[in-house]
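Asks: Here it is, the structure in full.
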Amino acid sequence: MAEPGAVLIASGPWDPAPWAAAMRRLAPERAVHVWPDLSDPGAIRYALAWRPPAEALKRLPNLAAIFSLGAGVDGLVERTDLPDVPLVRVVDPDLTERMAEWVVLQVLMHHRRQRTYDRQQAAHRWHELAQPPARAVRVGMLGLGHLGRHAGGILAALGFSVAGWSRTAKAVAGIACFHGPEGLEPFLARTDILVALLPLTPQTRGILDARLIGGLARDGALGGPVLINGGRGGLQVEADVVAALRSGALIGASLDVFEPEPLAAGSPLWDMADVIITPHAAAGSDPETLSRGIHRQMLELEAGMPLRNLVDRRRGY
Ligand SMILES: NC(=O)c1ccc[n+]([C@@H]2O[C@H](COP(=O)([O-])OP(=O)(O)OC[C@H]3O[C@@H](n4cnc5c(N)ncnc54)[C@H](OP(=O)(O)O)[C@@H]3O)[C@@H](O)[C@H]2O)c1
C-alpha cells in the first residue's frame, strides 16, 4: 500500500481551520497543510478546495485528486489554472438531508400560505384561508440528481404530485420523469411549484428566465406558480424573476442563491411580500461530517480502489 499522502487545504473565502482540525483528527498520520503553507509541495497528494486562490494548486507535482468542499463545482470546473487530476464532488447524506429540509420547508411555506398568516398575525387578524391538499399541487424538481431525487421523494411522501427533469432519462419511483430539451415544456406545463436544483453549467446558466417562467402551469390549485431556487444564483435571470413577481407570472419565490452574493442591498427582492430570501444557507458543508467521506476516499484510493463522485469536467458537473 502507498504512503499516506499529505493534504493541502485551500478553502478560499471559507475558514480553513475547521477543515484542518477535522482532517488532523481523522488522519493523524497525514501531514495537513493550509494554504499558503507549501513547505513540502512534493508530499501533497490531495487538495481540499473551495474557490482556491489562483496559485494554490499549480505546483503540486504529485497531486492525485482535488476534493471539492461543496456539492456545486462550478467554481472549480470553470477554472483553467487547475491541474488535470480527478476532481471529486461532495455527495453525502448530511448535505442531501440539509437540502431536503430547506426544500420541504419552502414548499410548505408557499403551499400553506405561511407568509399571509404572518401578515395576519402582525395585524392580530384571525382568518382561516382556503387550503388545497398536497395531492392537488404539482411540484417540479428541475434537476433530479442526488439532491433533487431525495427532496422530491420526501415531497411525494407528503402527498404532492412530483415530477422531475434531468439531462438524461431517469426512472424514479413516485416521480414522473422528464428529460432533455424536449421534456422541458411538458414538465413545466404540469408544474405549480418549481424547485431548481441544477448545477451551474454553460447549458443551465440563465435557464430560470421569463420564457421558462411563462411555461409554468397557471391553472393550479395555488392560483399561480412559485419558484424555489436552491441550486446556484447564475441559474436565474434576476430581472426576469423580479418582473414575474411584479406581474403575477409568479405568485411567490424562495431564493437561497444569487449572482453575485450577497444579494445587493438595493435589490427589490428583499422587500417583496411573498419572497423568502436565505443567505446561501440551504445546505451548508459541515467540515466534521464531510471530511469523514473525503478521508474514506483517500484510504480507498490508497488501497487501489477507484474514486467515486467524480466530476466530468467537459459536462461541467
Ligand atoms: N444552496 C446550497 O446550499 C447548495 C448546497 C449544495 C448544492 N447546491 C447546488 O445543487 C446542485 C445540485 O446538486 P446535486 O448533488 O443534486 O447534483 P447532481 O447529483 O450532479 O445532479 C444534477 C442534476 O441536474 C441535471 N442536469 C445537469 N445539467 C442539466 C441540463 N443541461 N439539463 C437538464 N438537467 C441537467 C442532472 O441530469 P442527469 O441526472 O441526467 O445527469 C442531474 O439530474 C449543485 O450543483 C449545487 O450547485 C446548492
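Labeling convention for the C-alpha cells: chains A, B, ... as they appear, residues from 1 per chain, ligands from 1 in order of appearance.
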Please write out the residues within 6 Å of ligand 1 as a list in words, counting only C-alpha atoms and all ligand atoms.

Replies: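 The residues within 6 Å of ligand 1, counting only C-alpha atoms and all ligand atoms, are Ala71, Gly72, Gly143, Leu144, Gly145, His146, Leu147, Gly148, Ser166, Arg167, Thr168, Gly180, Leu197, Leu198, Pro199, Leu200, Gln203, Thr204, Gly230, Gly231, Arg232, Asp256, Val257, His280, Ala281, Ala282, Ala283, Gly284 and Tyr317 of chain A.
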
Asks: DSSP on the backbone: which residues in segment 38-283 of chain A end up as strand (DSSP E or B)? Give the answer as a ChimeraX atom specification.

Replies: /A:44-49,65-68,87-88,138-142,161-166,172,175-179,193-196,208,226-229,236,252-255,275-277

Asks: Set the distance at 12 Å and use only C-alpha atoms: which residues neighbour His33 of chain A once local chain neighbours fewer than 4 positions away are removed? I'd like the list as a count of residues only.

Replies: 26

Asks: Which is closest to Leu235 of chain A among A:Arg190, A:His295, A:Arg138, A:Arg205, if we use only C-alpha atoms?

Replies: A:Arg205

Asks: Any idea what the distance is between atom CA of Leu212 of chain A and atom CA of Ala130 of chain A?

Replies: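 About the pair atom CA of Leu212 of chain A and atom CA of Ala130 of chain A: they are 28.2 Å apart.
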
Asks: Show me, as a PyMOL selection string, the residues that have an atom within 10 Å of segment 97-108 of chain A when counting only C-alpha atoms, minus same-chain residues fewer than 5 positions from it.

Replies: chain A and resi 92+113-114+134+139+147-155+158+160+193-197+226-231+253-256+276+278+281-285

Asks: Tell me which of A:Val88, A:Leu263, A:Leu76, A:Val172 sits closest to Asn309 of chain A, counting only C-alpha atoms.

Replies: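 Ranked by minimum distance to Asn309 of chain A, first place goes to A:Val88.
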
Asks: Using only C-alpha atoms, which protein or nucleic acid residues come within 12 Å of Ala239 of chain A? Drop anything in the same chain fewer than 6 positions from it, and give the result as a list in words.

Replies: Gly206, Leu208, Asp209, Ala210, Leu245, Arg246, Phe258, Glu259, Ser267, Pro268 and Leu269 of chain A

Asks: Interatomic distance between atom CA of Ala189 of chain A and atom CA of Gly224 of chain A?

Replies: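 These atoms are spaced 11.9 Å apart.
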
Asks: Would you mind reading off the distance between atom CA of Arg296 of chain A and atom CA of Phe67 of chain A, one decimal, in Å?

Replies: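 Answer for the atom CA of Arg296 of chain A to atom CA of Phe67 of chain A separation: 11.8 Å.
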
Asks: Can you pull out the residues contacting Glu288 of chain A? Cut-off 8 Å, using only C-alpha atoms, and skip same-chain residues under 3 positions away; I want them as an MDAnalysis selection string.

Replies: chainID A and resid 18:19 22 291:292

Asks: Can I get the selection written as an mmCIF file, in the first residue's frame, with N, CA and C atoms?

Replies:
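Done, and the output landed in result-v1.cif:
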data_model
loop_
_atom_site.group_PDB
_atom_site.id
_atom_site.type_symbol
_atom_site.label_atom_id
_atom_site.label_comp_id
_atom_site.auth_asym_id
_atom_site.auth_seq_id
_atom_site.Cartn_x
_atom_site.Cartn_y
_atom_site.Cartn_z
ATOM 1 N N PRO A 18 -11.596 24.748 10.648
ATOM 2 C CA PRO A 18 -12.367 23.546 10.998
ATOM 3 C C PRO A 18 -12.106 22.366 10.074
ATOM 4 N N TRP A 19 -11.754 22.637 8.796
ATOM 5 C CA TRP A 19 -11.418 21.545 7.877
ATOM 6 C C TRP A 19 -10.082 20.917 8.278
ATOM 7 N N ALA A 22 -10.542 18.911 11.504
ATOM 8 C CA ALA A 22 -11.255 17.643 11.265
ATOM 9 C C ALA A 22 -10.321 16.639 10.609
ATOM 10 N N SER A 291 -15.577 15.777 5.972
ATOM 11 C CA SER A 291 -14.175 15.324 5.982
ATOM 12 C C SER A 291 -14.090 13.815 6.120
ATOM 13 N N ARG A 292 -15.062 13.227 6.837
ATOM 14 C CA ARG A 292 -15.053 11.760 7.002
ATOM 15 C C ARG A 292 -15.175 11.068 5.643
#

Asks: Please list as a PyMOL selection string every residue within 12 Å of Glu128 of chain A, counting only C-alpha atoms and excluding residues in the same chain fewer than 5 positions away.

Replies: chain A and resi 112-114+116-117+120-121

Asks: Could you take the residues named above and write them with all heavy atoms, as a compact mmCIF listing (two decimals), in the first residue's frame?

Replies:
# COMPACT_ATOMS: atom_id res chain seq x y z
N ARG A 112 -48.80 26.26 2.31
CA ARG A 112 -49.67 26.54 3.46
C ARG A 112 -49.85 28.04 3.70
O ARG A 112 -50.37 28.44 4.71
CB ARG A 112 -49.10 25.87 4.73
CG ARG A 112 -48.97 24.35 4.64
CD ARG A 112 -50.29 23.66 4.32
NE ARG A 112 -51.31 23.97 5.29
CZ ARG A 112 -51.91 23.10 6.12
NH1 ARG A 112 -51.59 21.83 6.06
NH2 ARG A 112 -52.84 23.48 6.96
N ARG A 113 -49.38 28.86 2.76
CA ARG A 113 -49.60 30.31 2.75
C ARG A 113 -49.12 30.98 4.04
O ARG A 113 -49.77 31.87 4.58
CB ARG A 113 -51.08 30.59 2.46
CG ARG A 113 -51.53 29.88 1.19
CD ARG A 113 -52.97 30.02 0.90
NE ARG A 113 -53.32 31.39 0.52
CZ ARG A 113 -54.55 31.78 0.22
NH1 ARG A 113 -55.55 30.91 0.25
NH2 ARG A 113 -54.80 33.02 -0.10
N GLN A 114 -47.95 30.54 4.49
CA GLN A 114 -47.45 31.00 5.78
C GLN A 114 -47.15 32.49 5.79
O GLN A 114 -47.35 33.17 6.80
CB GLN A 114 -46.19 30.21 6.17
CG GLN A 114 -45.67 30.51 7.56
CD GLN A 114 -46.70 30.29 8.65
OE1 GLN A 114 -47.44 29.31 8.63
NE2 GLN A 114 -46.79 31.23 9.60
N THR A 116 -48.81 34.83 4.32
CA THR A 116 -50.08 35.53 4.54
C THR A 116 -50.48 35.43 6.01
O THR A 116 -50.90 36.41 6.62
CB THR A 116 -51.18 34.94 3.63
OG1 THR A 116 -50.70 34.96 2.29
CG2 THR A 116 -52.46 35.74 3.72
N TYR A 117 -50.30 34.23 6.60
CA TYR A 117 -50.60 34.10 8.03
C TYR A 117 -49.68 34.99 8.88
O TYR A 117 -50.10 35.54 9.89
CB TYR A 117 -50.49 32.64 8.47
CG TYR A 117 -51.71 31.81 8.10
CD1 TYR A 117 -51.60 30.65 7.34
CD2 TYR A 117 -52.99 32.18 8.53
CE1 TYR A 117 -52.71 29.90 6.99
CE2 TYR A 117 -54.11 31.44 8.18
CZ TYR A 117 -53.98 30.31 7.42
OH TYR A 117 -55.09 29.58 7.08
N GLN A 120 -51.18 38.33 8.71
CA GLN A 120 -52.41 38.37 9.51
C GLN A 120 -52.07 38.43 11.00
O GLN A 120 -52.71 39.15 11.76
CB GLN A 120 -53.27 37.14 9.21
CG GLN A 120 -53.88 37.18 7.83
CD GLN A 120 -54.90 36.07 7.58
OE1 GLN A 120 -55.46 36.02 6.50
NE2 GLN A 120 -55.16 35.21 8.54
N GLN A 121 -51.05 37.68 11.38
CA GLN A 121 -50.66 37.68 12.81
C GLN A 121 -50.18 39.07 13.23
O GLN A 121 -50.55 39.57 14.29
CB GLN A 121 -49.56 36.65 13.07
CG GLN A 121 -49.16 36.58 14.53
CD GLN A 121 -48.13 35.50 14.82
OE1 GLN A 121 -47.91 34.60 14.02
NE2 GLN A 121 -47.51 35.59 15.98

Asks: Determine the nearest neighbour of Gly220 of chain A from the options A:Ala136, A:Leu250, A:Ala265, A:Ala31, counting only C-alpha atoms.

Replies: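 Checking each of A:Ala136, A:Leu250, A:Ala265, A:Ala31 against Gly220 of chain A, counting only C-alpha atoms, the winner is A:Ala136.
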
Asks: Using DSSP on the backbone, list every residue of segment 36-283 of chain A that comes out as helix (DSSP H, G or I), and give them as a ChimeraX atom specification.

Replies: /A:41-43,74-77,93-111,114-122,134-136,146-157,180-189,210-214,233-235,238-247,268-271

Asks: When distances are computed from only C-alpha atoms, which of A:Ile213, A:Ala157, A:Met298, A:Val77 shows the smallest separation from Arg314 of chain A?

Replies: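 When distances to Arg314 of chain A are compared using only C-alpha atoms, the smallest one comes from A:Val77.
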